[in-house]
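The file structure26.cif contains mmCIF, C-alpha atoms and all ligand atoms:
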data_run
loop_
_atom_site.label_atom_id
_atom_site.label_comp_id
_atom_site.auth_asym_id
_atom_site.auth_seq_id
_atom_site.Cartn_x
_atom_site.Cartn_y
_atom_site.Cartn_z
CA MET H 1371 158.80 160.22 69.13
CA THR H 1372 159.04 157.09 66.96
CA GLN H 1373 160.79 154.10 68.51
CA ARG H 1374 164.08 153.12 66.89
CA ARG H 1375 163.63 149.73 65.23
CA VAL H 1376 167.31 148.90 64.60
CA GLU H 1377 169.58 147.80 67.44
CA ILE H 1378 173.06 146.36 67.06
CA GLU H 1379 174.43 144.17 69.82
CA SER H 1380 178.12 143.35 70.02
CA VAL H 1381 178.31 139.60 70.78
CA ASP H 1382 181.97 138.83 70.14
CA ASP H 1383 184.20 140.90 72.41
CA ASP H 1384 183.62 144.13 70.44
CA GLU H 1385 186.37 144.37 67.87
CA GLY H 1386 188.34 141.63 69.63
CA PHE H 1387 187.65 139.08 66.89
CA TRP H 1388 189.65 141.17 64.44
CA GLN H 1389 192.63 140.76 66.76
CA ASP H 1390 192.30 136.97 67.16
CA ARG H 1391 196.05 136.38 66.92
CA ASP H 1392 195.88 132.65 67.69
CA THR H 1393 193.50 131.82 64.85
CA VAL H 1394 195.28 134.04 62.33
CA LEU H 1395 198.66 132.64 63.32
CA ALA H 1396 197.46 129.02 63.16
CA CYS H 1397 195.95 129.57 59.69
CA LEU H 1398 199.09 131.31 58.38
CA GLN H 1399 201.18 128.36 59.60
CA GLU H 1400 199.19 125.87 57.48
CA THR H 1401 200.58 124.66 54.13
CA PRO H 1402 199.81 126.63 52.08
CA PRO H 1403 199.25 129.55 54.47
CA ARG H 1404 195.59 130.48 54.79
CA ILE H 1405 193.76 133.61 55.93
CA PRO H 1406 190.65 132.89 58.07
CA PRO H 1407 187.44 133.18 55.99
CA TRP H 1408 185.83 136.03 57.95
CA PHE H 1409 188.99 138.12 57.69
CA GLY H 1410 188.17 139.17 54.13
CA TYR H 1411 185.07 141.03 55.29
CA ASP H 1412 186.21 144.32 56.76
CA ALA H 1413 184.10 147.26 55.51
CA LEU H 1414 185.98 147.44 52.19
CA GLY H 1415 185.93 143.65 51.73
CA SER H 1416 182.17 143.58 52.15
CA GLU H 1417 181.74 146.32 49.54
CA LEU H 1418 184.00 144.41 47.16
CA PHE H 1419 181.94 141.26 47.71
CA GLU H 1420 178.86 143.24 46.63
CA GLU H 1421 180.74 144.17 43.44
CA ILE H 1422 181.49 140.48 42.83
CA THR H 1423 177.78 139.68 43.00
CA GLU H 1424 177.23 142.09 40.07
CA LEU H 1425 179.73 140.34 37.76
CA PRO H 1426 177.96 138.83 34.73
CA THR H 1427 179.71 135.48 35.27
CA TYR H 1428 178.94 135.22 39.00
CA TYR H 1429 175.68 133.26 38.92
CA PRO H 1430 175.06 132.23 42.59
CA THR H 1431 173.58 135.53 43.85
CA ARG H 1432 171.37 135.97 40.79
CA VAL H 1433 170.09 132.39 40.88
CA GLU H 1434 169.35 132.49 44.59
CA HIS H 1435 167.58 135.84 44.13
CA GLY H 1436 165.40 134.21 41.45
CA LEU H 1437 164.58 131.24 43.71
CA LEU H 1438 163.58 133.58 46.54
CA GLN H 1439 161.51 135.74 44.19
CA ARG H 1440 159.56 132.67 43.13
CA HIS H 1441 159.23 130.91 46.47
CA ALA H 1442 159.49 133.52 49.28
CA ALA H 1443 155.76 133.40 50.07
CA GLU H 1444 155.78 129.63 50.52
CA ILE H 1445 159.05 129.71 52.50
CA ALA H 1446 157.77 132.46 54.82
CA GLU H 1447 154.65 130.42 55.52
CA ARG H 1448 156.69 127.31 56.31
CA LEU H 1449 159.22 129.22 58.46
CA ASP H 1450 156.22 129.90 60.70
CA CYS H 1451 158.20 132.10 63.07
CA GLU H 1452 158.39 135.70 64.33
CA GLN H 1453 162.17 135.67 64.79
CA VAL H 1454 164.41 135.16 61.78
CA VAL H 1455 168.15 134.90 62.46
CA GLU H 1456 170.48 135.16 59.47
CA LEU H 1457 174.11 134.03 59.67
CA GLY H 1458 176.48 136.11 57.50
CA SER H 1459 173.73 138.46 56.34
CA GLY H 1460 175.94 140.92 54.36
CA SER H 1461 173.81 143.46 52.49
CA ALA H 1462 170.67 141.29 53.02
CA LYS H 1463 169.51 142.20 49.52
CA LYS H 1464 168.14 138.71 48.89
CA THR H 1465 166.85 138.27 52.43
CA ARG H 1466 164.75 141.37 51.79
CA LEU H 1467 162.51 139.21 49.56
CA LEU H 1468 161.97 136.75 52.39
CA LEU H 1469 161.36 139.45 54.97
CA ALA H 1470 158.81 141.11 52.68
CA ALA H 1471 156.89 137.83 52.66
CA CYS H 1472 157.31 137.23 56.42
CA THR H 1473 156.02 140.68 57.38
CA THR H 1474 152.84 140.23 55.35
CA LEU H 1475 152.09 137.20 57.56
CA ARG H 1476 153.22 138.47 61.01
CA PRO H 1477 155.30 141.17 62.71
CA THR H 1478 158.88 139.94 62.42
CA THR H 1479 162.16 140.46 64.25
CA TYR H 1480 165.14 140.01 61.97
CA VAL H 1481 168.44 139.11 63.65
CA PRO H 1482 171.28 139.50 61.12
CA VAL H 1483 174.65 138.19 62.30
CA ASP H 1484 177.80 139.52 60.65
CA VAL H 1485 181.38 140.58 61.34
CA THR H 1486 180.90 143.76 59.25
CA ARG H 1487 179.19 146.28 61.51
CA GLU H 1488 178.70 148.77 58.64
CA MET H 1489 176.60 146.20 56.73
CA LEU H 1490 174.42 145.53 59.79
CA VAL H 1491 173.69 149.25 60.16
CA THR H 1492 172.99 150.06 56.50
CA SER H 1493 170.91 146.93 55.82
CA GLY H 1494 168.99 147.37 59.10
CA ASP H 1495 168.15 150.99 58.30
CA ALA H 1496 167.06 150.16 54.74
CA LEU H 1497 164.89 147.22 55.82
CA THR H 1498 163.09 149.02 58.64
CA ALA H 1499 162.47 152.01 56.36
CA GLU H 1500 160.77 149.64 53.92
CA PHE H 1501 158.80 147.34 56.24
CA ALA H 1502 156.67 148.83 59.02
CA ASP H 1503 156.22 145.46 60.75
CA LEU H 1504 159.92 144.70 61.00
CA ARG H 1505 162.34 145.15 63.91
CA VAL H 1506 166.04 144.52 63.43
CA HIS H 1507 168.29 143.28 66.20
CA GLY H 1508 171.73 142.89 64.64
CA MET H 1509 174.41 140.74 66.23
CA TRP H 1510 177.90 141.98 65.48
CA GLY H 1511 180.46 139.20 65.67
CA ARG H 1512 181.22 135.70 64.52
CA TYR H 1513 178.66 132.94 64.02
CA GLU H 1514 179.73 130.92 67.06
CA ALA H 1515 179.46 133.91 69.42
CA ALA H 1516 175.97 134.77 68.14
CA LEU H 1517 174.80 131.15 68.38
CA ALA H 1518 176.05 130.95 71.97
CA ARG H 1519 174.02 134.07 72.80
CA LEU H 1520 170.94 132.66 71.03
CA ARG H 1521 171.12 129.48 73.09
CA GLU H 1522 169.99 131.53 76.11
CA ARG H 1523 166.56 132.33 74.60
CA THR H 1524 163.34 130.36 75.08
CA ASP H 1525 161.17 131.49 72.13
CA GLN H 1526 160.96 129.90 68.69
CA LEU H 1527 163.62 130.71 66.10
CA ALA H 1528 164.21 130.27 62.40
CA VAL H 1529 167.87 130.29 61.34
CA VAL H 1530 168.62 131.26 57.75
CA PHE H 1531 172.04 130.68 56.13
CA LEU H 1532 172.09 131.96 52.54
CA GLY H 1533 174.66 132.57 49.80
CA SER H 1534 176.10 129.04 50.08
CA ASN H 1535 178.16 130.63 52.91
CA LEU H 1536 178.55 127.19 54.49
CA GLY H 1537 180.98 126.37 51.68
CA ASN H 1538 183.39 129.16 52.71
CA THR H 1539 184.85 126.91 55.43
CA THR H 1540 187.07 123.83 55.68
CA PRO H 1541 185.27 120.47 56.09
CA ASP H 1542 186.12 120.45 59.83
CA GLU H 1543 184.91 124.03 60.36
CA ARG H 1544 181.76 123.16 58.40
CA ALA H 1545 180.94 120.12 60.52
CA ALA H 1546 181.54 122.11 63.73
CA LEU H 1547 179.36 125.00 62.56
CA LEU H 1548 176.46 122.75 61.55
CA ALA H 1549 176.71 121.02 64.94
CA GLU H 1550 176.58 124.44 66.69
CA ILE H 1551 173.48 125.39 64.71
CA ALA H 1552 171.84 122.07 65.62
CA ALA H 1553 172.72 122.60 69.29
CA THR H 1554 171.19 126.09 69.23
CA LEU H 1555 167.86 125.14 67.67
CA LYS H 1556 165.05 123.56 69.68
CA PRO H 1557 162.47 121.02 68.46
CA GLY H 1558 160.21 122.61 65.86
CA ASP H 1559 162.68 125.42 64.98
CA ARG H 1560 163.36 125.85 61.26
CA PHE H 1561 166.70 125.97 59.44
CA LEU H 1562 166.77 127.37 55.90
CA ILE H 1563 170.08 126.95 54.09
CA SER H 1564 171.15 127.47 50.50
CA VAL H 1565 174.01 125.60 48.85
CA ASP H 1566 175.52 125.62 45.40
CA LEU H 1567 175.54 122.10 43.95
CA ASP H 1568 178.67 120.63 42.35
CA LYS H 1569 179.25 121.26 38.64
CA PRO H 1570 181.98 121.07 36.00
CA GLY H 1571 185.29 122.71 36.91
CA ALA H 1572 185.71 124.84 33.78
CA PHE H 1573 182.40 126.47 34.45
CA LEU H 1574 183.27 127.17 38.12
CA ASP H 1575 186.72 128.54 37.21
CA ALA H 1576 184.99 131.10 34.99
CA CYS H 1577 182.55 132.03 37.74
CA TYR H 1578 185.19 132.57 40.47
CA ASN H 1579 187.67 134.63 38.43
CA ASP H 1580 187.18 138.11 36.99
CA PRO H 1581 185.91 138.30 33.43
CA LEU H 1582 187.87 140.63 31.12
CA ASP H 1583 187.57 144.29 32.11
CA ALA H 1584 186.66 143.53 35.71
CA SER H 1585 188.75 143.31 38.87
CA ALA H 1586 186.31 142.77 41.76
CA PHE H 1587 187.60 139.28 42.65
CA ALA H 1588 191.24 140.42 42.39
CA ARG H 1589 190.68 143.43 44.66
CA PHE H 1590 188.60 141.36 47.11
CA ARG H 1591 191.38 138.75 47.41
CA LEU H 1592 194.21 141.29 47.66
CA ASN H 1593 192.27 143.20 50.33
CA HIS H 1594 192.90 140.26 52.68
CA LEU H 1595 196.57 141.29 52.69
CA THR H 1596 195.80 144.99 53.21
CA HIS H 1597 193.62 144.01 56.16
CA LEU H 1598 196.38 141.87 57.67
CA ASN H 1599 198.86 144.73 57.19
CA GLN H 1600 196.53 147.07 59.07
CA ARG H 1601 195.71 144.74 61.95
CA PHE H 1602 199.06 143.08 62.51
CA GLY H 1603 201.71 145.53 61.28
CA GLY H 1604 202.35 143.48 58.14
CA ASP H 1605 204.38 144.50 55.12
CA PHE H 1606 202.66 142.54 52.34
CA GLU H 1607 203.20 144.34 49.04
CA LEU H 1608 200.23 143.76 46.78
CA HIS H 1609 202.19 143.90 43.51
CA CYS H 1610 204.00 140.69 44.58
CA TYR H 1611 200.81 138.58 44.18
CA TYR H 1612 198.74 137.28 41.35
CA PRO H 1613 195.13 136.46 42.41
CA ARG H 1614 193.52 133.39 40.86
CA ALA H 1615 190.91 130.77 41.82
CA HIS H 1616 190.77 127.16 40.64
CA TYR H 1617 188.40 124.26 41.15
CA ASP H 1618 189.70 121.14 42.89
CA ALA H 1619 187.60 118.17 41.77
CA ALA H 1620 188.77 115.85 44.57
CA SER H 1621 187.32 118.12 47.26
CA ALA H 1622 184.60 119.69 45.03
CA THR H 1623 185.90 123.07 46.17
CA VAL H 1624 186.88 126.30 44.45
CA GLU H 1625 189.98 127.69 46.15
CA GLY H 1626 190.94 131.36 45.93
CA HIS H 1627 194.71 131.91 46.03
CA LEU H 1628 197.26 134.71 45.87
CA TYR H 1629 200.35 133.43 44.04
CA ALA H 1630 203.72 135.02 44.81
CA THR H 1631 205.25 136.46 41.63
CA GLU H 1632 208.76 136.65 43.14
CA ASP H 1633 210.74 135.24 46.08
CA HIS H 1634 210.24 137.43 49.15
CA THR H 1635 209.76 137.51 52.91
CA VAL H 1636 206.81 139.12 54.69
CA LEU H 1637 207.00 140.33 58.27
CA LEU H 1638 203.90 140.54 60.47
CA ARG H 1639 205.33 142.52 63.38
CA GLU H 1640 202.43 142.14 65.81
CA LEU H 1641 202.20 138.38 65.23
CA GLY H 1642 205.94 137.99 65.62
CA MET H 1643 205.88 136.05 62.35
CA LYS H 1644 207.92 135.87 59.17
CA LEU H 1645 206.49 134.31 56.03
CA ASP H 1646 209.01 133.13 53.42
CA LEU H 1647 207.46 132.83 49.98
CA ARG H 1648 209.11 131.51 46.82
CA ARG H 1649 207.86 132.50 43.39
CA GLY H 1650 204.74 130.39 42.64
CA ASP H 1651 203.90 129.72 46.32
CA SER H 1652 200.39 130.67 47.28
CA ILE H 1653 198.30 131.99 50.15
CA ASN H 1654 194.77 130.62 50.38
CA VAL H 1655 192.18 133.39 50.63
CA GLY H 1656 188.98 131.42 50.62
CA PHE H 1657 187.12 128.23 49.88
CA SER H 1658 183.86 127.85 48.09
CA ALA H 1659 182.84 124.23 48.50
CA LYS H 1660 180.20 122.76 46.22
CA PHE H 1661 177.75 120.16 47.48
CA HIS H 1662 176.33 116.80 46.39
CA ARG H 1663 172.65 117.05 47.23
CA PRO H 1664 171.99 113.58 48.74
CA GLU H 1665 175.13 113.70 50.91
CA PHE H 1666 174.39 117.23 52.04
CA VAL H 1667 170.83 116.38 53.06
CA ALA H 1668 172.06 113.21 54.82
CA ASP H 1669 174.78 115.14 56.72
CA VAL H 1670 172.34 117.75 58.00
CA SER H 1671 169.71 115.11 58.81
CA THR H 1672 172.24 113.18 60.93
CA LEU H 1673 172.41 116.21 63.23
CA GLY H 1674 168.72 115.89 64.12
CA PHE H 1675 166.94 117.69 61.29
CA THR H 1676 164.20 116.54 58.92
CA LEU H 1677 164.07 117.96 55.40
CA ASP H 1678 160.73 119.72 55.02
CA ARG H 1679 161.09 121.05 51.47
CA GLN H 1680 163.70 121.94 48.85
CA TRP H 1681 163.73 124.35 45.92
CA ILE H 1682 166.35 123.72 43.20
CA ASP H 1683 166.53 125.62 39.95
CA ALA H 1684 166.77 123.55 36.78
CA VAL H 1685 169.59 125.41 35.05
CA TRP H 1686 172.28 126.37 37.56
CA GLN H 1687 171.66 123.67 40.16
CA TYR H 1688 171.53 125.90 43.19
CA GLY H 1689 169.29 124.84 46.07
CA LEU H 1690 167.38 126.17 49.05
CA PHE H 1691 166.71 123.55 51.73
CA LEU H 1692 164.27 123.96 54.60
CA PHE H 1693 164.88 121.68 57.59
CA VAL H 1694 162.90 121.27 60.83
CA ARG H 1695 164.74 120.51 64.09
CA GLN H 1696 163.43 117.26 65.58
C1 LIG R 1701 179.86 135.49 50.93
S1 LIG R 1701 179.18 136.80 51.88
C2 LIG R 1701 177.46 136.45 51.71
C3 LIG R 1701 176.55 137.57 52.13
C4 LIG R 1701 175.05 137.26 51.96
N1 LIG R 1701 174.62 136.18 52.83
C5 LIG R 1701 174.76 136.88 50.53
O1 LIG R 1701 174.32 135.75 50.30
O2 LIG R 1701 174.94 137.73 49.64
C6 LIG R 1701 179.53 136.21 53.51
C7 LIG R 1701 179.04 137.11 54.63
O3 LIG R 1701 179.23 136.41 55.87
C8 LIG R 1701 179.97 137.23 56.77
N2 LIG R 1701 180.83 136.31 57.53
C9 LIG R 1701 181.79 135.50 57.05
N3 LIG R 1701 182.30 134.73 58.01
C10 LIG R 1701 181.63 135.06 59.16
C11 LIG R 1701 181.70 134.61 60.50
N4 LIG R 1701 182.56 133.65 60.87
N5 LIG R 1701 180.86 135.15 61.40
C12 LIG R 1701 179.98 136.14 61.03
N6 LIG R 1701 179.88 136.60 59.77
C13 LIG R 1701 180.69 136.08 58.85
C14 LIG R 1701 180.72 138.22 55.92
O4 LIG R 1701 180.99 139.42 56.60
C15 LIG R 1701 179.78 138.42 54.74
O5 LIG R 1701 178.86 139.47 54.96
#
Can the structure from this file be put into structure tokens for me?
Amino acid sequence: MTQRRVEIESVDDDEGFWQDRDTVLACLQETPPRIPPWFGYDALGSELFEEITELPTYYPTRVEHGLLQRHAAEIAERLDCEQVVELGSGSAKKTRLLLAACTTLRPTTYVPVDVTREMLVTSGDALTAEFADLRVHGMWGRYEAALARLRERTDQLAVVFLGSNLGNTTPDERAALLAEIAATLKPGDRFLISVDLDKPGAFLDACYNDPLDASAFARFRLNHLTHLNQRFGGDFELHCYYPRAHYDAASATVEGHLYATEDHTVLLRELGMKLDLRRGDSINVGFSAKFHRPEFVADVSTLGFTLDRQWIDAVWQYGLFLFVRQ
């Protein structure tokens, strides 16, 4: 009998993180109300994100794919590690390029971390079917829970954080997450992270809204409300919201919002919460921060990392950065 090469470990209180009332409540009480970033990625949300990556105007996935196609062999060599952890792995379609290069050098264990269990299963099955020298040990749960679990190990690790996922957080959440990653890695461990570099607002507005004849972004954003309705007995009505993203130059961040199209009140029974919205008010359904390269490298270096190498494309200004933990 062949040994199963995909295991999924629940690291975050099984489905408990979907019921994290305190975090959801605290975010909804902000001005404007906000939905926590991981909450958009139930099974349907993750599928809708995949649709977004296919939009002709959504460049980040395509550009990162190109960078990995060109440089995966060199990156795999410099990762120099048998265990590759990926935070927020999603479909792992781009990571596949890296894992192909890693497995030609050494047998590899891939540890994808994600809140969407379905994505861990389907990507794990596809990857192990393709690469004989790959084992997959998925961690189902939030980043912090997985990092806490990884702190118990003694062997060398490489942590990979792709898709400019770091930008999907507030500045405070971002600083805390980077500090957690630094605290998890040991001297010599590698940290590969991609970030989208800052660029003109008009260009970013076009990238983060649906082009004509498409609706992937709109459905992805509205699905946050459907998910809240399901988890917390909410009565959000989707036709009362207009989804739209805009770039804020002061914070170099694209913000996704749902704008109320009429005055109304929403009840979230299981949170014991009422949300009064006037026409034009908005609910924040996601950040996508853009980065200034020198500041980004300096911020990560301050946490005890040395930049080993960077790969930045000339046209779209999207970068992969490989750091070594000191
Ligand atoms: C923007 S998608 C990117 C997916 C993939 N890395 C890519 O580049 O295409 C973000 C992924 O991170 C996961 N995610 C978001 N927040 C998370 C959290 N706090 N803990 C674990 N996974 C998270 C989502 O489920 C989703 O698969």
Which residues of chain H have any atom within 6 Å of an atom in ligand LIG 1701 (chain R) when counting all atoms listed in the file, and what is the closest pair of atoms for each, with the distance in Å to one decimal? Order the rows by chain and rising number and write it as CSV.
residue,atom,partner,partner_atom,distance
H:Pro1407,CA,R:LIG1701,N3,5.7
H:Trp1408,CA,R:LIG1701,N3,3.8
H:Tyr1411,CA,R:LIG1701,O4,4.6
H:Ser1416,CA,R:LIG1701,O5,6.0
H:Gly1458,CA,R:LIG1701,O3,3.2
H:Ser1459,CA,R:LIG1701,N1,4.3
H:Gly1460,CA,R:LIG1701,O5,3.3
H:Val1483,CA,R:LIG1701,C12,5.9
H:Asp1484,CA,R:LIG1701,N6,3.7
H:Val1485,CA,R:LIG1701,N6,4.5
H:Thr1486,CA,R:LIG1701,O4,5.1
H:Gly1511,CA,R:LIG1701,C12,5.6
H:Arg1512,CA,R:LIG1701,N5,3.2
H:Tyr1513,CA,R:LIG1701,N5,4.1
H:Leu1532,CA,R:LIG1701,N1,4.9
H:Gly1533,CA,R:LIG1701,O1,3.2
H:Asn1535,CA,R:LIG1701,C1,5.5
**Study point:** Å distance separating atom CA of Cys1610 of chain H from atom CA of His1627 of chain H, one decimal place
**Key:**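 Atom-to-atom, atom CA of Cys1610 of chain H to atom CA of His1627 of chain H, that is 12.9 Å.
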**Study point:** Nearest-residue call for Ile1653 of chain H, choices H:Leu1628, H:Ala1622, H:Ile1378, H:Leu1497, using only C-alpha atoms
**Key:** H:Leu1628
For segment 1531-1540 of chain H, what centre and edge lengths in Å (one decimal) does the axis-aligned box get once 4 Å is added on each side of all its listed atoms, as AutoDock Vina command-line options?
--center_x 179.6 --center_y 128.2 --center_z 53.0 --size_x 23.0 --size_y 16.7 --size_z 14.3
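Residue nearest Tyr1688 of chain H, chosen from H:Glu1447, H:Glu1456, H:Asp1566, H:Glu1607 and counting only C-alpha atoms: H:Asp1566.
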Check your understanding: Which one is closest to His1507 of chain H: H:Gln1453, H:Leu1527, H:Asp1646, H:Gly1604? Count all atoms listed in the file.
Key -> H:Gln1453
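The residue that comes closest to Arg1560 of chain H, out of H:Pro1430, H:Gly1689, H:Gly1674, H:Gly1386 and on the basis of all atoms listed in the file, is H:Gly1674.
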**Study point:** Among the residues H:Val1670, H:Leu1457, H:Ala1413, H:Leu1490, the one that comes closest to Phe1531 of chain H [using all atoms listed in the file]
**Key:**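 Looking only at the distances to Phe1531 of chain H, the closest residue turns out to be H:Leu1457.
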**Study point:** Counting only C-alpha atoms, the residue of H:Ala1516, H:Leu1504, H:Val1624, H:Ile1405 that sits nearest Ala1572 of chain H
**Key:**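 Nearest candidate to Ala1572 of chain H out of H:Ala1516, H:Leu1504, H:Val1624, H:Ile1405: H:Val1624.
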Review point. Can you list, as a PyMOL selection string, every protein, DNA or RNA residue that comes within 12 Å of Ser1658 of chain H when you count all atoms listed in the file, leaving out same-chain residues fewer than 6 positions away?
Key: chain H and resi 1407+1430+1533-1541+1544+1565-1568+1574-1575+1577-1578+1615-1618+1621-1627
Selected residues written out, C-alpha atoms, as an mmCIF file, in the coordinates of the input:
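The resulting again.cif:
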data_model
loop_
_atom_site.group_PDB
_atom_site.id
_atom_site.type_symbol
_atom_site.label_atom_id
_atom_site.label_comp_id
_atom_site.auth_asym_id
_atom_site.auth_seq_id
_atom_site.Cartn_x
_atom_site.Cartn_y
_atom_site.Cartn_z
ATOM 1 C CA PRO H 1407 187.440 133.180 55.990
ATOM 2 C CA PRO H 1430 175.060 132.230 42.590
ATOM 3 C CA GLY H 1533 174.660 132.570 49.800
ATOM 4 C CA SER H 1534 176.100 129.040 50.080
ATOM 5 C CA ASN H 1535 178.160 130.630 52.910
ATOM 6 C CA LEU H 1536 178.550 127.190 54.490
ATOM 7 C CA GLY H 1537 180.980 126.370 51.680
ATOM 8 C CA ASN H 1538 183.390 129.160 52.710
ATOM 9 C CA THR H 1539 184.850 126.910 55.430
ATOM 10 C CA THR H 1540 187.070 123.830 55.680
ATOM 11 C CA PRO H 1541 185.270 120.470 56.090
ATOM 12 C CA ARG H 1544 181.760 123.160 58.400
ATOM 13 C CA VAL H 1565 174.010 125.600 48.850
ATOM 14 C CA ASP H 1566 175.520 125.620 45.400
ATOM 15 C CA LEU H 1567 175.540 122.100 43.950
ATOM 16 C CA ASP H 1568 178.670 120.630 42.350
ATOM 17 C CA LEU H 1574 183.270 127.170 38.120
ATOM 18 C CA ASP H 1575 186.720 128.540 37.210
ATOM 19 C CA CYS H 1577 182.550 132.030 37.740
ATOM 20 C CA TYR H 1578 185.190 132.570 40.470
ATOM 21 C CA ALA H 1615 190.910 130.770 41.820
ATOM 22 C CA HIS H 1616 190.770 127.160 40.640
ATOM 23 C CA TYR H 1617 188.400 124.260 41.150
ATOM 24 C CA ASP H 1618 189.700 121.140 42.890
ATOM 25 C CA SER H 1621 187.320 118.120 47.260
ATOM 26 C CA ALA H 1622 184.600 119.690 45.030
ATOM 27 C CA THR H 1623 185.900 123.070 46.170
ATOM 28 C CA VAL H 1624 186.880 126.300 44.450
ATOM 29 C CA GLU H 1625 189.980 127.690 46.150
ATOM 30 C CA GLY H 1626 190.940 131.360 45.930
ATOM 31 C CA HIS H 1627 194.710 131.910 46.030
#
Exercise for review: Might you pull out every residue within 8 Å of Cys1472 of chain H, with all atoms listed in the file counted and same-chain residues fewer than 6 positions away left off, and present them as number ranges by chain?
Suggested key: H: 1443, 1446-1447, 1478
Practice item. Record the distance separating atom CA of Pro1482 of chain H and atom CA of Asn1654 of chain H, expressed in Å with one decimal. Key: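 Spanning atom CA of Pro1482 of chain H to atom CA of Asn1654 of chain H is a straight-line distance of 27.3 Å.
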Point to revise | Residues within 9 Å of Leu1520 of chain H, all atoms listed in the file, excluding chain neighbours under 5 positions, as a list in words | key: Ala1515, Thr1554 and Leu1555 of chain H
Serialized selection, C-alpha atoms, as an mmCIF file, in the frame of the given file:
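Saved result, result.cif, follows:
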data_model
loop_
_atom_site.group_PDB
_atom_site.id
_atom_site.type_symbol
_atom_site.label_atom_id
_atom_site.label_comp_id
_atom_site.auth_asym_id
_atom_site.auth_seq_id
_atom_site.Cartn_x
_atom_site.Cartn_y
_atom_site.Cartn_z
ATOM 1 C CA ALA H 1515 179.460 133.910 69.420
ATOM 2 C CA THR H 1554 171.190 126.090 69.230
ATOM 3 C CA LEU H 1555 167.860 125.140 67.670
#
**Study point:** Computed interatomic separation between atom CA of Pro1581 of chain H and atom CA of Tyr1611 of chain H (Å)
**Key:**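 Atom-to-atom, atom CA of Pro1581 of chain H and atom CA of Tyr1611 of chain H are spaced 18.4 Å apart.
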Check your understanding: Mind listing as a list in words all residues within 12 Å of (202.9, 126.9, 56.6), counting all atoms listed in the file?
Key -> Val1394, Leu1395, Ala1396, Cys1397, Leu1398, Gln1399, Glu1400, Thr1401, Pro1402, Pro1403, Arg1404, Ile1405, Met1643, Lys1644, Leu1645, Asp1646, Leu1647, Asp1651, Ser1652, Ile1653 and Asn1654 of chain H
Point to revise | Ref. answer, residues at most 12 Å from (187.4, 142.2, 35.7) with all atoms listed in the file, as a PyMOL selection string | key: chain H and resi 1421-1422+1424-1428+1576-1590+1613-1614
Review point. Could you name the residues that touch Lys1464 of chain H at 10 Å or less, counting only C-alpha atoms, but leaving out those on the same chain fewer than 5 positions away, as a PyMOL selection string?
Key: chain H and resi 1431-1432+1434-1439+1459+1469+1532-1533
